[in-house]
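Only one structure is covered here, and it is reproduced in the block below.
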Amino acid sequence: MNLEALADCLSSASCAVTQVSTGLIVGMLMFLVTSGLSLIFGVLGIINFTHGAFYMMGAYCAFTAYALTGSFLAALAAGALGVGLFGMAFERLVMSRVYGRDILMQLLVCYAMILILDDGVKLLYGGEYRMMGMPDAFALPPVEIAGGFVPGYYLFMVGVALAAGLVLWLGINRTRLGKIVRALAINPQMVGALGINTTLLYAGVFGLGSLLAGLAGALAAPIRTLTPGMGVSILIESFIVTVIGGMGSIAGAFLAALLIGFTRAFGAIGFPLFVDGLMFALMALVLVVKPSGLLGREAA
Amino acid sequence: MLRVEHLSKSFGGVRATRDVSIDFPAGSLTAIIGPNGAGKTTFFNLISGHVRPDEGRVLFDGTDIVGLSSLEVVRRGMARAFQVASLFPSLTVREALTAAVVSHQRGSRRVFSRFPVAAAGRRADEIMDLLGLAPKADVLSANLSHGDQKLLDIGLALAMDPKVLLLDEPTAGMGPEERWRMIGKVHRLWEVTGMTMLFIEHDMDIVFKIAQTIHVLKYGAVLAQGSPDEIRRNQDVIDAYLGTDHRLSETVGEA
Amino acid sequence: MRPGLSPAGLRRPGLARDVAIALTGLALLLALPMAFPAPALRDFLIYFFAYGLLAMSLNLLVGLTGLVSFGHAAYFATGAYVFGLLMQTGRVSIPVGVLAAVGGTALVALVIGAICVRLKEIYFSFITLAFQMFIHSVIVTWVSLTGGDQGLRGGIPRPPVLGLDLNDARTLYGACAVVFVLCILAMRQVSQSPFGYTLRMIRDNPARANFLGVDVTAMKLGIFVFAAAMASVGGLILALFVSGAYPEFAFWTTSGEAIFMIMLGGIKIFLGPLVGTLLLQTLNHFVTIYTEHHGLVLGTVILVIVLGLRRGLADVLFDWLQARRAPRAAGPAPGSLEAEPIGDGALKGRTV
C-alpha cells in the first residue's frame, strides 16, 4: 500500500495524464471484449467462455499479418475478420450443438476449445513471449496533453474502440437489422415465423461478438506481450465489467470498463499488490447492492 | 380464517385486481370463477405472497400477511397447487412427498439422519392414501399421467398441513370424465380434512355442483358472489358470460 | 386417514450398508499396493484420491444441487496452501493442520458462496470462475507468503501422527486412503440425508421448493461450503504428498478438468465422478508420455465425447441398464384415479 505515491502522481500533471491514458486504453480493450461477450449473451443466451481465447487469436492473427504485409491496417483487419469468421464457424460447428442442453456441456465445449486454441498457438508460435512492436506508422514522438505525454498510438486505439462501440450501438438501436436482432433476443420463434433465417442470424451475431474480441486483440498486439493463455485474464476482467455494468447493456459495459481501467491504472501506483483485490471488491459490492449491475435491466 | 380487504394490483397500466374484498370462513369451499383474463390467478398470487399487492390487506388468522415472502406464508399454513403441475421430475412420488413433509417439519437441514425419516415417510403415505396415489408411490414424477401429476401437485401442498389450500384449476387440461374424477377427489379431501379451500375452475357444471360459495371476477373486480343458485340467476353474471363462448350459456339455458 | 400402507418402500440401503461398502473399498485400496508393490501405482492412487475428492465434491454441487460451479478448484488450492503454510510453521501437528485448513477453506467458501448462490445458472458459473481466478491471482502476487509462480517450496514437514511415520511412503498412502474413504462416506451420508433430498428438490424445481417452505438460498450455501471443505481435503492430500503447493491448483484448468471428470463419469451414479477421475487420469498419464501438446489432445477428446457421445460413459451404461429394466416397470398401475365420481346426491348435503 503506497498512498503517498498515489497522491504524488495525482498532483503531478505528467503522471496523472500518463495514468489516465493507460486507464483509458485498458478500459477500451475491456470494453470491446465485454461488448462482444454481452452481445452474444444478450441474443443467444450463452456465456462464451472462449471469448478470451478469441482475443488472444486476434492478437496472434495481427502479429502474423503484420509480419507478412508490414501494414498495420492489414493486421487489424486480419485480427478482426479472421476471428469473426472463426467465431461463426465455431458457432455453427460446435456451439449450436449444445444449445438447450446442460450448462455443463456448454462449459465443457468452451473449456475444450480454449485448451485447443491455447495449445494450437503454442504449436505455431512456440511457448515463449512474442512482441509485435510498435508499427512504423506510429513511431512518432508522443503527443503532449495538459503537461503529460501520451503515445500517438494510444489516441488511435481509443479512437478505433470508440468508433467500433458507436457503430455497434447505432447498428443495434437504429437499423432494421438491429431491430431484428433485438427481436431475436426476446422471441426467436416469432422472428423465425416472419421468414427470417434465424440460424444465419445466430451465427452472424456470434461472429460479430467474436470479431469485437479479435479487434481488441489486434489493437492490443503492439503494446502487449503475446503469450498462449493471454486471454484468461481479460476474460475474467470482462466478467467483472459485465457484472458491474449490467448484463446486456452496452452503455453499462462502457462505463464499467472505464471504471475498471482507471482502477487498474491508479491502483497500480497506490496499491500494486491489491489491484485485483480492488476489482473483485468492486464486483462483490455491486453484486450485493445492485445485482443487476449499474445499468442492467434484468436482475441476475 | 382468510379475509382480503380492498386488494388492488396493477401491472403497467393494466389493473389486474381492483378493490377485491372477500371473506373466506373457516372450513368453507369456495370457487373463484370468471372469464379468461379476469385476474383469477393474479388473485391467488396476491394472497399467497408470490406477488405483492399495491393496496389492501390479506388477513390470515387475524394477522395481515401482506409483504411476507411466499416462504413465510407457507409456514403460516397457506399452501397452493398450480395450474400447470409444478413437480420435481427426478423424484418418485414417495420421495417428493416425503421431502416436502420433511421441509414442513423443519427437517431440511438434517444431515446425520437418513432419508426418508420414518415420521415423514408415514405422513407421506397418508397423503398418498388420501389422494389414491399409493400404487404410484415409486413412479418418477416425470413419468406420471397428467391427472396424477395434478394430484401429486395437490399432495405436495397437503404436505404443508395447510389451514388454507389454494387450488389453481385442479382440472385444467383434462377430459370430461377425468375432470369429474379429479373434482371428486378434491371434494372428498375437503370433507375429510375440513380445510378452508379455494379453487379456480372453468367448468361451470363442476362449480355449481360442488362449491358452497362462488365469487365471480371480471376485469379484476368482484362481479358477483353468492351460492350456486344465486349466481345461476344473477343477470350480471349471465351477461358477462353470454357473448363469450363460454359454456355457462348452455348451463343457464338448462336452468 | 389410514396408516401407511407401504412400509417396504421405506426400507432403503442405510448407513450400515454404506459403511460396509466403504470398509470393503478401503480394504481393497490398502491391499492393492501390497499385491502390486510398484511405487508408481501408489503415487497414481494418491493423485486419484486428491482429484477424486475434488470431482466428487464438485458433483455435490453440479449433480445433486444443479449448481454448475466453474471455480471449485479454488477450494482445492486453498486447502493445500493453508495446510502447507501451517505445517511449515513447524508448530502444529498434522491433524490440527488438517482441521484448520478445512475450517479456513469453509470460511472462504462461506464468504464467496454468500455472494454467488443467489445468482442464476450461467451467472453463477462465471462468477465462481472469477472468484477462483482471484484466489489464483492472490497466490501468484503474494510472493512473500506463497512463493508466487514457483509455488510453496521448502517442503511440508510430516511430524508423526499417533506414532505413525508419514515419511514412510506406505504409511502415507494408507493414511491418505483412510481419509479419502472417510470423506466419500461423509459425502454419501449428506447426499442420502433429508438435506440431500432437499437439494434434489432445489435442483429439479427451486421455485416450487420455495413454495414448500424450503429456504433455497440457505440450503445452497450450506452445500457450497460443505463441498468446498471436501475439496480442500483433496488439496491437502496432494500438498502433503508432493510436499508443496502450486498456483496451478487454483488455475481455471483444474476446475475444467474436474467438470470433465464429472461428465465422463456421469452425474447419475454417486461414485460416477470417481470413474471419471480414473479415466481422465489414465488419459493424462498416457498423453503426457507421448506428446507435449496435452491441451490439443485433451480438448479434442472432450469435443468428441461431448458432441459425439453426448453423455458420460457411466451414464451410457446406466441408461442401458434402465432401458433393460424399463419394460417391467411400465405396466399401468391401477386404482390411482379411480375414486368414486361424485353423484348429485352425495353433494347436496354439503352445498349450502
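Ligands are numbered from 1 in the order shown, residues from 1 within each chain, and chains are lettered A, B, ... in the order they appear in the C-alpha cells.
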
- [ ] Residues of chain A near chain C: apply a cut-off of 6 Å, count only C-alpha atoms, and supply the list as number ranges by chain.
- [x] A: 112, 115-116, 119, 236, 300

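For range 58-148 of chain A, backbone-based DSSP assignment of strand (DSSP E) covers Arg130, Met131, Val143, Glu144, Ile145 and Gly148 of chain A.
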
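Closest approach to His202 in chain B from the set B:Arg122, B:Lys40, B:Lys136, B:Arg76 is made by B:Lys40, with distances taken over only C-alpha atoms.
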
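Within 10 Å of Val186 in chain B, once only C-alpha atoms are used and residues closer than 4 positions along the same chain are dropped, the contacting residues are B:Leu131, B:Leu151, B:Ile154, B:Leu167, B:Pro170, B:Thr171, B:Trp180, B:Arg181, B:Met182, B:Trp190, B:Glu191, B:Val192, B:Met197, B:Phe199, B:Ile210.
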
Per DSSP on the backbone, what are the alpha helix (DSSP H) residues of range 12-252 of chain B, as a JSON list (two decimals) with N, CA and C atoms, in the first residue's frame?
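Result file result.json:
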[["chain", "number", "residue", "atom", "x", "y", "z"],
["B", 40, "LYS", "N", -57.93, -14.17, -12.05],
["B", 40, "LYS", "CA", -58.09, -15.19, -11.01],
["B", 40, "LYS", "C", -56.75, -15.66, -10.47],
["B", 41, "THR", "N", -55.81, -15.98, -11.40],
["B", 41, "THR", "CA", -54.51, -16.46, -10.95],
["B", 41, "THR", "C", -53.74, -15.34, -10.23],
["B", 42, "THR", "N", -53.89, -14.11, -10.73],
["B", 42, "THR", "CA", -53.25, -12.97, -10.05],
["B", 42, "THR", "C", -53.76, -12.87, -8.62],
["B", 43, "PHE", "N", -55.06, -13.09, -8.46],
["B", 43, "PHE", "CA", -55.66, -13.04, -7.13],
["B", 43, "PHE", "C", -54.98, -14.05, -6.20],
["B", 44, "PHE", "N", -54.78, -15.28, -6.70],
["B", 44, "PHE", "CA", -54.08, -16.30, -5.91],
["B", 44, "PHE", "C", -52.64, -15.87, -5.61],
["B", 45, "ASN", "N", -51.98, -15.30, -6.62],
["B", 45, "ASN", "CA", -50.59, -14.86, -6.41],
["B", 45, "ASN", "C", -50.51, -13.79, -5.32],
["B", 46, "LEU", "N", -51.52, -12.93, -5.28],
["B", 46, "LEU", "CA", -51.51, -11.87, -4.27],
["B", 46, "LEU", "C", -51.70, -12.45, -2.87],
["B", 47, "ILE", "N", -52.64, -13.40, -2.76],
["B", 47, "ILE", "CA", -52.92, -13.98, -1.44],
["B", 47, "ILE", "C", -51.71, -14.76, -0.92],
["B", 70, "SER", "N", -43.29, -15.65, 0.11],
["B", 70, "SER", "CA", -44.11, -16.84, -0.09],
["B", 70, "SER", "C", -43.69, -17.94, 0.89],
["B", 71, "LEU", "N", -42.38, -17.93, 1.23],
["B", 71, "LEU", "CA", -41.87, -18.90, 2.20],
["B", 71, "LEU", "C", -42.57, -18.75, 3.55],
["B", 72, "GLU", "N", -42.67, -17.49, 4.01],
["B", 72, "GLU", "CA", -43.29, -17.25, 5.32],
["B", 72, "GLU", "C", -44.78, -17.55, 5.29],
["B", 73, "VAL", "N", -45.41, -17.25, 4.15],
["B", 73, "VAL", "CA", -46.84, -17.51, 4.04],
["B", 73, "VAL", "C", -47.11, -19.02, 4.15],
["B", 74, "VAL", "N", -46.26, -19.81, 3.46],
["B", 74, "VAL", "CA", -46.40, -21.25, 3.54],
["B", 74, "VAL", "C", -46.24, -21.72, 4.98],
["B", 75, "ARG", "N", -45.26, -21.18, 5.65],
["B", 75, "ARG", "CA", -45.02, -21.63, 7.02],
["B", 75, "ARG", "C", -46.14, -21.26, 7.97],
["B", 76, "ARG", "N", -46.93, -20.25, 7.62],
["B", 76, "ARG", "CA", -48.07, -19.91, 8.47],
["B", 76, "ARG", "C", -49.27, -20.81, 8.19],
["B", 93, "VAL", "N", -42.84, -40.33, -6.51],
["B", 93, "VAL", "CA", -43.96, -39.75, -5.78],
["B", 93, "VAL", "C", -43.67, -39.76, -4.28],
["B", 94, "ARG", "N", -43.22, -40.92, -3.79],
["B", 94, "ARG", "CA", -42.97, -41.03, -2.35],
["B", 94, "ARG", "C", -41.85, -40.10, -1.92],
["B", 95, "GLU", "N", -40.77, -40.07, -2.70],
["B", 95, "GLU", "CA", -39.64, -39.20, -2.34],
["B", 95, "GLU", "C", -40.06, -37.73, -2.29],
["B", 96, "ALA", "N", -40.80, -37.32, -3.32],
["B", 96, "ALA", "CA", -41.20, -35.91, -3.38],
["B", 96, "ALA", "C", -42.07, -35.55, -2.19],
["B", 97, "LEU", "N", -43.06, -36.40, -1.91],
["B", 97, "LEU", "CA", -43.96, -36.09, -0.80],
["B", 97, "LEU", "C", -43.20, -36.12, 0.52],
["B", 98, "THR", "N", -42.33, -37.11, 0.68],
["B", 98, "THR", "CA", -41.58, -37.19, 1.94],
["B", 98, "THR", "C", -40.68, -35.97, 2.11],
["B", 99, "ALA", "N", -40.03, -35.58, 1.04],
["B", 99, "ALA", "CA", -39.15, -34.41, 1.13],
["B", 99, "ALA", "C", -39.94, -33.16, 1.48],
["B", 100, "ALA", "N", -41.16, -33.07, 0.92],
["B", 100, "ALA", "CA", -42.00, -31.91, 1.24],
["B", 100, "ALA", "C", -42.40, -31.93, 2.71],
["B", 101, "VAL", "N", -42.74, -33.14, 3.22],
["B", 101, "VAL", "CA", -43.10, -33.25, 4.64],
["B", 101, "VAL", "C", -41.91, -32.88, 5.51],
["B", 102, "VAL", "N", -40.73, -33.36, 5.11],
["B", 102, "VAL", "CA", -39.51, -33.05, 5.85],
["B", 102, "VAL", "C", -39.33, -31.54, 5.94],
["B", 103, "SER", "N", -39.56, -30.88, 4.81],
["B", 103, "SER", "CA", -39.42, -29.42, 4.79],
["B", 103, "SER", "C", -40.43, -28.79, 5.76],
["B", 104, "HIS", "N", -41.66, -29.31, 5.73],
["B", 104, "HIS", "CA", -42.68, -28.75, 6.61],
["B", 104, "HIS", "C", -42.31, -28.95, 8.07],
["B", 118, "ALA", "N", -38.59, -41.76, 9.31],
["B", 118, "ALA", "CA", -39.78, -42.58, 9.44],
["B", 118, "ALA", "C", -41.06, -41.76, 9.58],
["B", 119, "ALA", "N", -41.04, -40.75, 10.46],
["B", 119, "ALA", "CA", -42.26, -39.98, 10.71],
["B", 119, "ALA", "C", -42.73, -39.30, 9.43],
["B", 120, "ALA", "N", -41.79, -38.71, 8.72],
["B", 120, "ALA", "CA", -42.15, -38.02, 7.48],
["B", 120, "ALA", "C", -42.67, -39.02, 6.45],
["B", 121, "GLY", "N", -42.05, -40.20, 6.42],
["B", 121, "GLY", "CA", -42.47, -41.23, 5.47],
["B", 121, "GLY", "C", -43.91, -41.66, 5.74],
["B", 122, "ARG", "N", -44.28, -41.78, 7.01],
["B", 122, "ARG", "CA", -45.65, -42.18, 7.35],
["B", 122, "ARG", "C", -46.65, -41.11, 6.90],
["B", 123, "ARG", "N", -46.30, -39.86, 7.14],
["B", 123, "ARG", "CA", -47.20, -38.78, 6.72],
["B", 123, "ARG", "C", -47.34, -38.79, 5.19],
["B", 124, "ALA", "N", -46.23, -39.05, 4.49],
["B", 124, "ALA", "CA", -46.29, -39.11, 3.02],
["B", 124, "ALA", "C", -47.22, -40.24, 2.59],
["B", 125, "ASP", "N", -47.16, -41.38, 3.30],
["B", 125, "ASP", "CA", -48.05, -42.50, 2.98],
["B", 125, "ASP", "C", -49.51, -42.10, 3.17],
["B", 126, "GLU", "N", -49.78, -41.37, 4.25],
["B", 126, "GLU", "CA", -51.15, -40.92, 4.50],
["B", 126, "GLU", "C", -51.65, -40.06, 3.34],
["B", 127, "ILE", "N", -50.78, -39.15, 2.89],
["B", 127, "ILE", "CA", -51.21, -38.26, 1.80],
["B", 127, "ILE", "C", -51.45, -39.07, 0.53],
["B", 128, "MET", "N", -50.59, -40.04, 0.27],
["B", 128, "MET", "CA", -50.77, -40.87, -0.92],
["B", 128, "MET", "C", -52.09, -41.63, -0.85],
["B", 129, "ASP", "N", -52.43, -42.15, 0.36],
["B", 129, "ASP", "CA", -53.69, -42.87, 0.51],
["B", 129, "ASP", "C", -54.87, -41.94, 0.27],
["B", 130, "LEU", "N", -54.76, -40.76, 0.84],
["B", 130, "LEU", "CA", -55.83, -39.79, 0.73],
["B", 130, "LEU", "C", -56.13, -39.46, -0.74],
["B", 131, "LEU", "N", -55.09, -39.39, -1.54],
["B", 131, "LEU", "CA", -55.27, -38.99, -2.94],
["B", 131, "LEU", "C", -55.31, -40.19, -3.88],
["B", 146, "HIS", "N", -50.99, -37.16, -16.69],
["B", 146, "HIS", "CA", -51.33, -35.76, -16.42],
["B", 146, "HIS", "C", -52.15, -35.63, -15.13],
["B", 147, "GLY", "N", -53.16, -36.48, -15.01],
["B", 147, "GLY", "CA", -54.04, -36.40, -13.84],
["B", 147, "GLY", "C", -53.28, -36.67, -12.55],
["B", 148, "ASP", "N", -52.42, -37.66, -12.57],
["B", 148, "ASP", "CA", -51.66, -37.99, -11.37],
["B", 148, "ASP", "C", -50.67, -36.89, -11.02],
["B", 149, "GLN", "N", -50.15, -36.20, -12.06],
["B", 149, "GLN", "CA", -49.26, -35.08, -11.78],
["B", 149, "GLN", "C", -50.00, -33.98, -11.04],
["B", 150, "LYS", "N", -51.25, -33.71, -11.49],
["B", 150, "LYS", "CA", -52.04, -32.70, -10.79],
["B", 150, "LYS", "C", -52.31, -33.12, -9.35],
["B", 151, "LEU", "N", -52.58, -34.42, -9.16],
["B", 151, "LEU", "CA", -52.84, -34.92, -7.81],
["B", 151, "LEU", "C", -51.60, -34.77, -6.94],
["B", 152, "LEU", "N", -50.44, -35.11, -7.51],
["B", 152, "LEU", "CA", -49.21, -35.02, -6.73],
["B", 152, "LEU", "C", -48.94, -33.56, -6.36],
["B", 153, "ASP", "N", -49.25, -32.67, -7.27],
["B", 153, "ASP", "CA", -49.08, -31.24, -7.00],
["B", 153, "ASP", "C", -49.92, -30.84, -5.79],
["B", 154, "ILE", "N", -51.16, -31.34, -5.74],
["B", 154, "ILE", "CA", -52.01, -31.07, -4.58],
["B", 154, "ILE", "C", -51.43, -31.74, -3.34],
["B", 155, "GLY", "N", -50.90, -32.97, -3.53],
["B", 155, "GLY", "CA", -50.30, -33.70, -2.43],
["B", 155, "GLY", "C", -49.14, -32.93, -1.81],
["B", 156, "LEU", "N", -48.33, -32.30, -2.65],
["B", 156, "LEU", "CA", -47.20, -31.52, -2.14],
["B", 156, "LEU", "C", -47.71, -30.38, -1.26],
["B", 157, "ALA", "N", -48.80, -29.75, -1.72],
["B", 157, "ALA", "CA", -49.37, -28.67, -0.92],
["B", 157, "ALA", "C", -49.90, -29.22, 0.40],
["B", 158, "LEU", "N", -50.52, -30.43, 0.35],
["B", 158, "LEU", "CA", -51.06, -31.04, 1.57],
["B", 158, "LEU", "C", -49.96, -31.34, 2.58],
["B", 176, "PRO", "N", -63.54, -34.67, -20.00],
["B", 176, "PRO", "CA", -64.73, -34.55, -19.14],
["B", 176, "PRO", "C", -64.78, -35.59, -18.02],
["B", 177, "GLU", "N", -64.53, -36.85, -18.38],
["B", 177, "GLU", "CA", -64.65, -37.90, -17.38],
["B", 177, "GLU", "C", -63.61, -37.75, -16.28],
["B", 178, "GLU", "N", -62.37, -37.45, -16.72],
["B", 178, "GLU", "CA", -61.27, -37.30, -15.79],
["B", 178, "GLU", "C", -61.52, -36.12, -14.84],
["B", 179, "ARG", "N", -62.14, -35.08, -15.39],
["B", 179, "ARG", "CA", -62.45, -33.92, -14.55],
["B", 179, "ARG", "C", -63.29, -34.30, -13.36],
["B", 180, "TRP", "N", -64.33, -35.08, -13.63],
["B", 180, "TRP", "CA", -65.24, -35.45, -12.54],
["B", 180, "TRP", "C", -64.55, -36.30, -11.51],
["B", 181, "ARG", "N", -63.67, -37.16, -11.98],
["B", 181, "ARG", "CA", -62.94, -37.99, -11.02],
["B", 181, "ARG", "C", -62.05, -37.11, -10.15],
["B", 182, "MET", "N", -61.38, -36.16, -10.81],
["B", 182, "MET", "CA", -60.47, -35.28, -10.09],
["B", 182, "MET", "C", -61.22, -34.45, -9.06],
["B", 183, "ILE", "N", -62.32, -33.87, -9.51],
["B", 183, "ILE", "CA", -63.04, -32.98, -8.60],
["B", 183, "ILE", "C", -63.67, -33.79, -7.46],
["B", 184, "GLY", "N", -63.98, -35.05, -7.75],
["B", 184, "GLY", "CA", -64.48, -35.93, -6.70],
["B", 184, "GLY", "C", -63.44, -36.06, -5.60],
["B", 185, "LYS", "N", -62.19, -36.23, -6.02],
["B", 185, "LYS", "CA", -61.12, -36.35, -5.03],
["B", 185, "LYS", "C", -60.95, -35.07, -4.24],
["B", 186, "VAL", "N", -61.02, -33.96, -4.95],
["B", 186, "VAL", "CA", -60.87, -32.68, -4.27],
["B", 186, "VAL", "C", -61.97, -32.51, -3.24],
["B", 187, "HIS", "N", -63.17, -32.88, -3.65],
["B", 187, "HIS", "CA", -64.31, -32.72, -2.74],
["B", 187, "HIS", "C", -64.18, -33.61, -1.51],
["B", 188, "ARG", "N", -63.73, -34.82, -1.75],
["B", 188, "ARG", "CA", -63.56, -35.76, -0.65],
["B", 188, "ARG", "C", -62.48, -35.26, 0.31],
["B", 189, "LEU", "N", -61.44, -34.71, -0.28],
["B", 189, "LEU", "CA", -60.34, -34.14, 0.50],
["B", 189, "LEU", "C", -60.88, -33.08, 1.46],
["B", 190, "TRP", "N", -61.76, -32.24, 0.90],
["B", 190, "TRP", "CA", -62.33, -31.17, 1.72],
["B", 190, "TRP", "C", -63.18, -31.75, 2.84],
["B", 191, "GLU", "N", -63.96, -32.77, 2.50],
["B", 191, "GLU", "CA", -64.81, -33.39, 3.52],
["B", 191, "GLU", "C", -63.98, -34.02, 4.62],
["B", 192, "VAL", "N", -62.92, -34.71, 4.22],
["B", 192, "VAL", "CA", -62.12, -35.46, 5.18],
["B", 192, "VAL", "C", -61.31, -34.53, 6.08],
["B", 193, "THR", "N", -60.72, -33.50, 5.48],
["B", 193, "THR", "CA", -59.77, -32.68, 6.25],
["B", 193, "THR", "C", -60.41, -31.46, 6.90],
["B", 204, "MET", "N", -68.38, -24.92, -15.48],
["B", 204, "MET", "CA", -69.48, -24.44, -14.66],
["B", 204, "MET", "C", -70.28, -25.55, -14.01],
["B", 205, "ASP", "N", -70.41, -26.67, -14.70],
["B", 205, "ASP", "CA", -71.15, -27.79, -14.10],
["B", 205, "ASP", "C", -70.50, -28.19, -12.79],
["B", 206, "ILE", "N", -69.17, -28.27, -12.84],
["B", 206, "ILE", "CA", -68.43, -28.65, -11.65],
["B", 206, "ILE", "C", -68.62, -27.61, -10.55],
["B", 207, "VAL", "N", -68.47, -26.36, -10.92],
["B", 207, "VAL", "CA", -68.56, -25.30, -9.92],
["B", 207, "VAL", "C", -69.91, -25.32, -9.23],
["B", 208, "PHE", "N", -70.98, -25.39, -10.04],
["B", 208, "PHE", "CA", -72.31, -25.33, -9.45],
["B", 208, "PHE", "C", -72.59, -26.56, -8.60],
["B", 209, "LYS", "N", -71.93, -27.65, -8.90],
["B", 209, "LYS", "CA", -72.22, -28.86, -8.13],
["B", 209, "LYS", "C", -71.49, -28.90, -6.80],
["B", 210, "ILE", "N", -70.23, -28.46, -6.76],
["B", 210, "ILE", "CA", -69.53, -28.69, -5.51],
["B", 210, "ILE", "C", -69.27, -27.46, -4.64],
["B", 228, "PRO", "N", -74.45, -21.12, -5.35],
["B", 228, "PRO", "CA", -74.60, -21.51, -6.75],
["B", 228, "PRO", "C", -75.94, -21.07, -7.33],
["B", 229, "ASP", "N", -77.00, -21.21, -6.56],
["B", 229, "ASP", "CA", -78.32, -20.83, -7.08],
["B", 229, "ASP", "C", -78.40, -19.34, -7.37],
["B", 230, "GLU", "N", -77.84, -18.56, -6.43],
["B", 230, "GLU", "CA", -77.86, -17.11, -6.63],
["B", 230, "GLU", "C", -77.07, -16.71, -7.87],
["B", 231, "ILE", "N", -75.90, -17.32, -8.02],
["B", 231, "ILE", "CA", -75.04, -16.98, -9.16],
["B", 231, "ILE", "C", -75.72, -17.38, -10.46],
["B", 232, "ARG", "N", -76.38, -18.53, -10.43],
["B", 232, "ARG", "CA", -77.05, -19.03, -11.62],
["B", 232, "ARG", "C", -78.09, -18.03, -12.13],
["B", 233, "ARG", "N", -78.70, -17.34, -11.17],
["B", 233, "ARG", "CA", -79.78, -16.43, -11.56],
["B", 233, "ARG", "C", -79.32, -14.99, -11.74],
["B", 235, "GLN", "N", -78.18, -11.73, -13.14],
["B", 235, "GLN", "CA", -78.21, -11.22, -14.50],
["B", 235, "GLN", "C", -76.84, -10.71, -14.96],
["B", 236, "ASP", "N", -76.06, -10.08, -14.05],
["B", 236, "ASP", "CA", -74.73, -9.59, -14.40],
["B", 236, "ASP", "C", -73.85, -10.73, -14.88],
["B", 237, "VAL", "N", -73.95, -11.85, -14.15],
["B", 237, "VAL", "CA", -73.11, -12.98, -14.50],
["B", 237, "VAL", "C", -73.50, -13.53, -15.85],
["B", 238, "ILE", "N", -74.80, -13.64, -16.06],
["B", 238, "ILE", "CA", -75.27, -14.16, -17.35],
["B", 238, "ILE", "C", -74.77, -13.25, -18.47],
["B", 239, "ASP", "N", -74.89, -11.94, -18.25],
["B", 239, "ASP", "CA", -74.41, -11.01, -19.27],
["B", 239, "ASP", "C", -72.91, -11.15, -19.50],
["B", 240, "ALA", "N", -72.19, -11.32, -18.41],
["B", 240, "ALA", "CA", -70.73, -11.41, -18.53],
["B", 240, "ALA", "C", -70.34, -12.61, -19.36],
["B", 241, "TYR", "N", -71.09, -13.71, -19.20],
["B", 241, "TYR", "CA", -70.69, -14.92, -19.89],
["B", 241, "TYR", "C", -71.30, -15.04, -21.28],
["B", 248, "LEU", "N", -71.23, -21.55, -19.92],
["B", 248, "LEU", "CA", -72.24, -21.17, -18.95],
["B", 248, "LEU", "C", -73.58, -20.91, -19.66],
["B", 249, "SER", "N", -73.48, -20.37, -20.87],
["B", 249, "SER", "CA", -74.70, -20.06, -21.60],
["B", 249, "SER", "C", -75.61, -21.28, -21.68],
["B", 250, "GLU", "N", -75.00, -22.42, -21.98],
["B", 250, "GLU", "CA", -75.81, -23.65, -22.04],
["B", 250, "GLU", "C", -76.40, -23.96, -20.67],
["B", 251, "THR", "N", -75.53, -23.89, -19.67],
["B", 251, "THR", "CA", -75.97, -24.23, -18.33],
["B", 251, "THR", "C", -77.14, -23.37, -17.91],
["B", 252, "VAL", "N", -77.03, -22.07, -18.18],
["B", 252, "VAL", "CA", -78.07, -21.15, -17.80],
["B", 252, "VAL", "C", -79.36, -21.50, -18.53]]

Open item on the list: Set the distance at 12 Å and use only C-alpha atoms: which residues neighbour Ser10 in chain B once local chain neighbours fewer than 2 positions away are removed? I'd like the list as an MDAnalysis selection string.
Closed with: chainID B and resid 7:8 12:19 39 42:43 46 51:55 219:220

Those selected residues, please, written with N, CA and C atoms and delivered as a compact mmCIF listing (two decimals), in the first residue's frame.
# COMPACT_ATOMS: atom_id res chain seq x y z
N LEU B 7 -58.19 -5.31 -1.98
CA LEU B 7 -56.96 -5.73 -2.63
C LEU B 7 -56.91 -5.18 -4.06
N SER B 8 -55.78 -4.52 -4.41
CA SER B 8 -55.62 -3.99 -5.76
C SER B 8 -54.21 -4.25 -6.25
N GLY B 12 -48.09 -2.45 -15.01
CA GLY B 12 -48.04 -1.41 -16.02
C GLY B 12 -49.33 -0.63 -15.95
N GLY B 13 -50.05 -0.54 -17.04
CA GLY B 13 -51.32 0.19 -16.99
C GLY B 13 -52.50 -0.73 -16.73
N VAL B 14 -52.27 -2.03 -16.71
CA VAL B 14 -53.38 -2.97 -16.60
C VAL B 14 -53.73 -3.21 -15.13
N ARG B 15 -54.97 -2.97 -14.79
CA ARG B 15 -55.39 -3.21 -13.40
C ARG B 15 -55.89 -4.63 -13.29
N ALA B 16 -55.03 -5.51 -12.81
CA ALA B 16 -55.34 -6.93 -12.80
C ALA B 16 -56.27 -7.29 -11.66
N THR B 17 -56.20 -6.56 -10.56
CA THR B 17 -57.09 -6.79 -9.43
C THR B 17 -57.57 -5.43 -8.94
N ARG B 18 -58.92 -5.27 -8.81
CA ARG B 18 -59.44 -3.96 -8.42
C ARG B 18 -60.29 -4.08 -7.18
N ASP B 19 -59.78 -3.57 -6.08
CA ASP B 19 -60.55 -3.39 -4.86
C ASP B 19 -61.38 -4.63 -4.52
N GLY B 39 -58.31 -12.19 -13.95
CA GLY B 39 -57.41 -11.92 -12.83
C GLY B 39 -57.50 -12.95 -11.71
N THR B 42 -53.89 -14.11 -10.73
CA THR B 42 -53.25 -12.97 -10.05
C THR B 42 -53.76 -12.87 -8.62
N PHE B 43 -55.06 -13.09 -8.46
CA PHE B 43 -55.66 -13.04 -7.13
C PHE B 43 -54.98 -14.05 -6.20
N LEU B 46 -51.52 -12.93 -5.28
CA LEU B 46 -51.51 -11.87 -4.27
C LEU B 46 -51.70 -12.45 -2.87
N VAL B 51 -46.86 -12.38 -5.27
CA VAL B 51 -46.83 -11.02 -5.83
C VAL B 51 -47.36 -10.09 -4.75
N ARG B 52 -46.70 -8.95 -4.62
CA ARG B 52 -47.12 -8.03 -3.57
C ARG B 52 -48.20 -7.08 -4.09
N PRO B 53 -49.33 -6.96 -3.38
CA PRO B 53 -50.39 -6.07 -3.86
C PRO B 53 -49.99 -4.60 -3.72
N ASP B 54 -50.60 -3.75 -4.55
CA ASP B 54 -50.35 -2.32 -4.43
C ASP B 54 -51.08 -1.76 -3.20
N GLU B 55 -52.28 -2.25 -3.01
CA GLU B 55 -53.07 -1.78 -1.88
C GLU B 55 -53.84 -2.94 -1.28
N TYR B 219 -62.62 -8.49 -15.12
CA TYR B 219 -61.68 -7.37 -15.18
C TYR B 219 -61.08 -7.07 -13.83
N GLY B 220 -60.78 -8.10 -13.06
CA GLY B 220 -60.09 -7.90 -11.79
C GLY B 220 -60.98 -7.51 -10.63
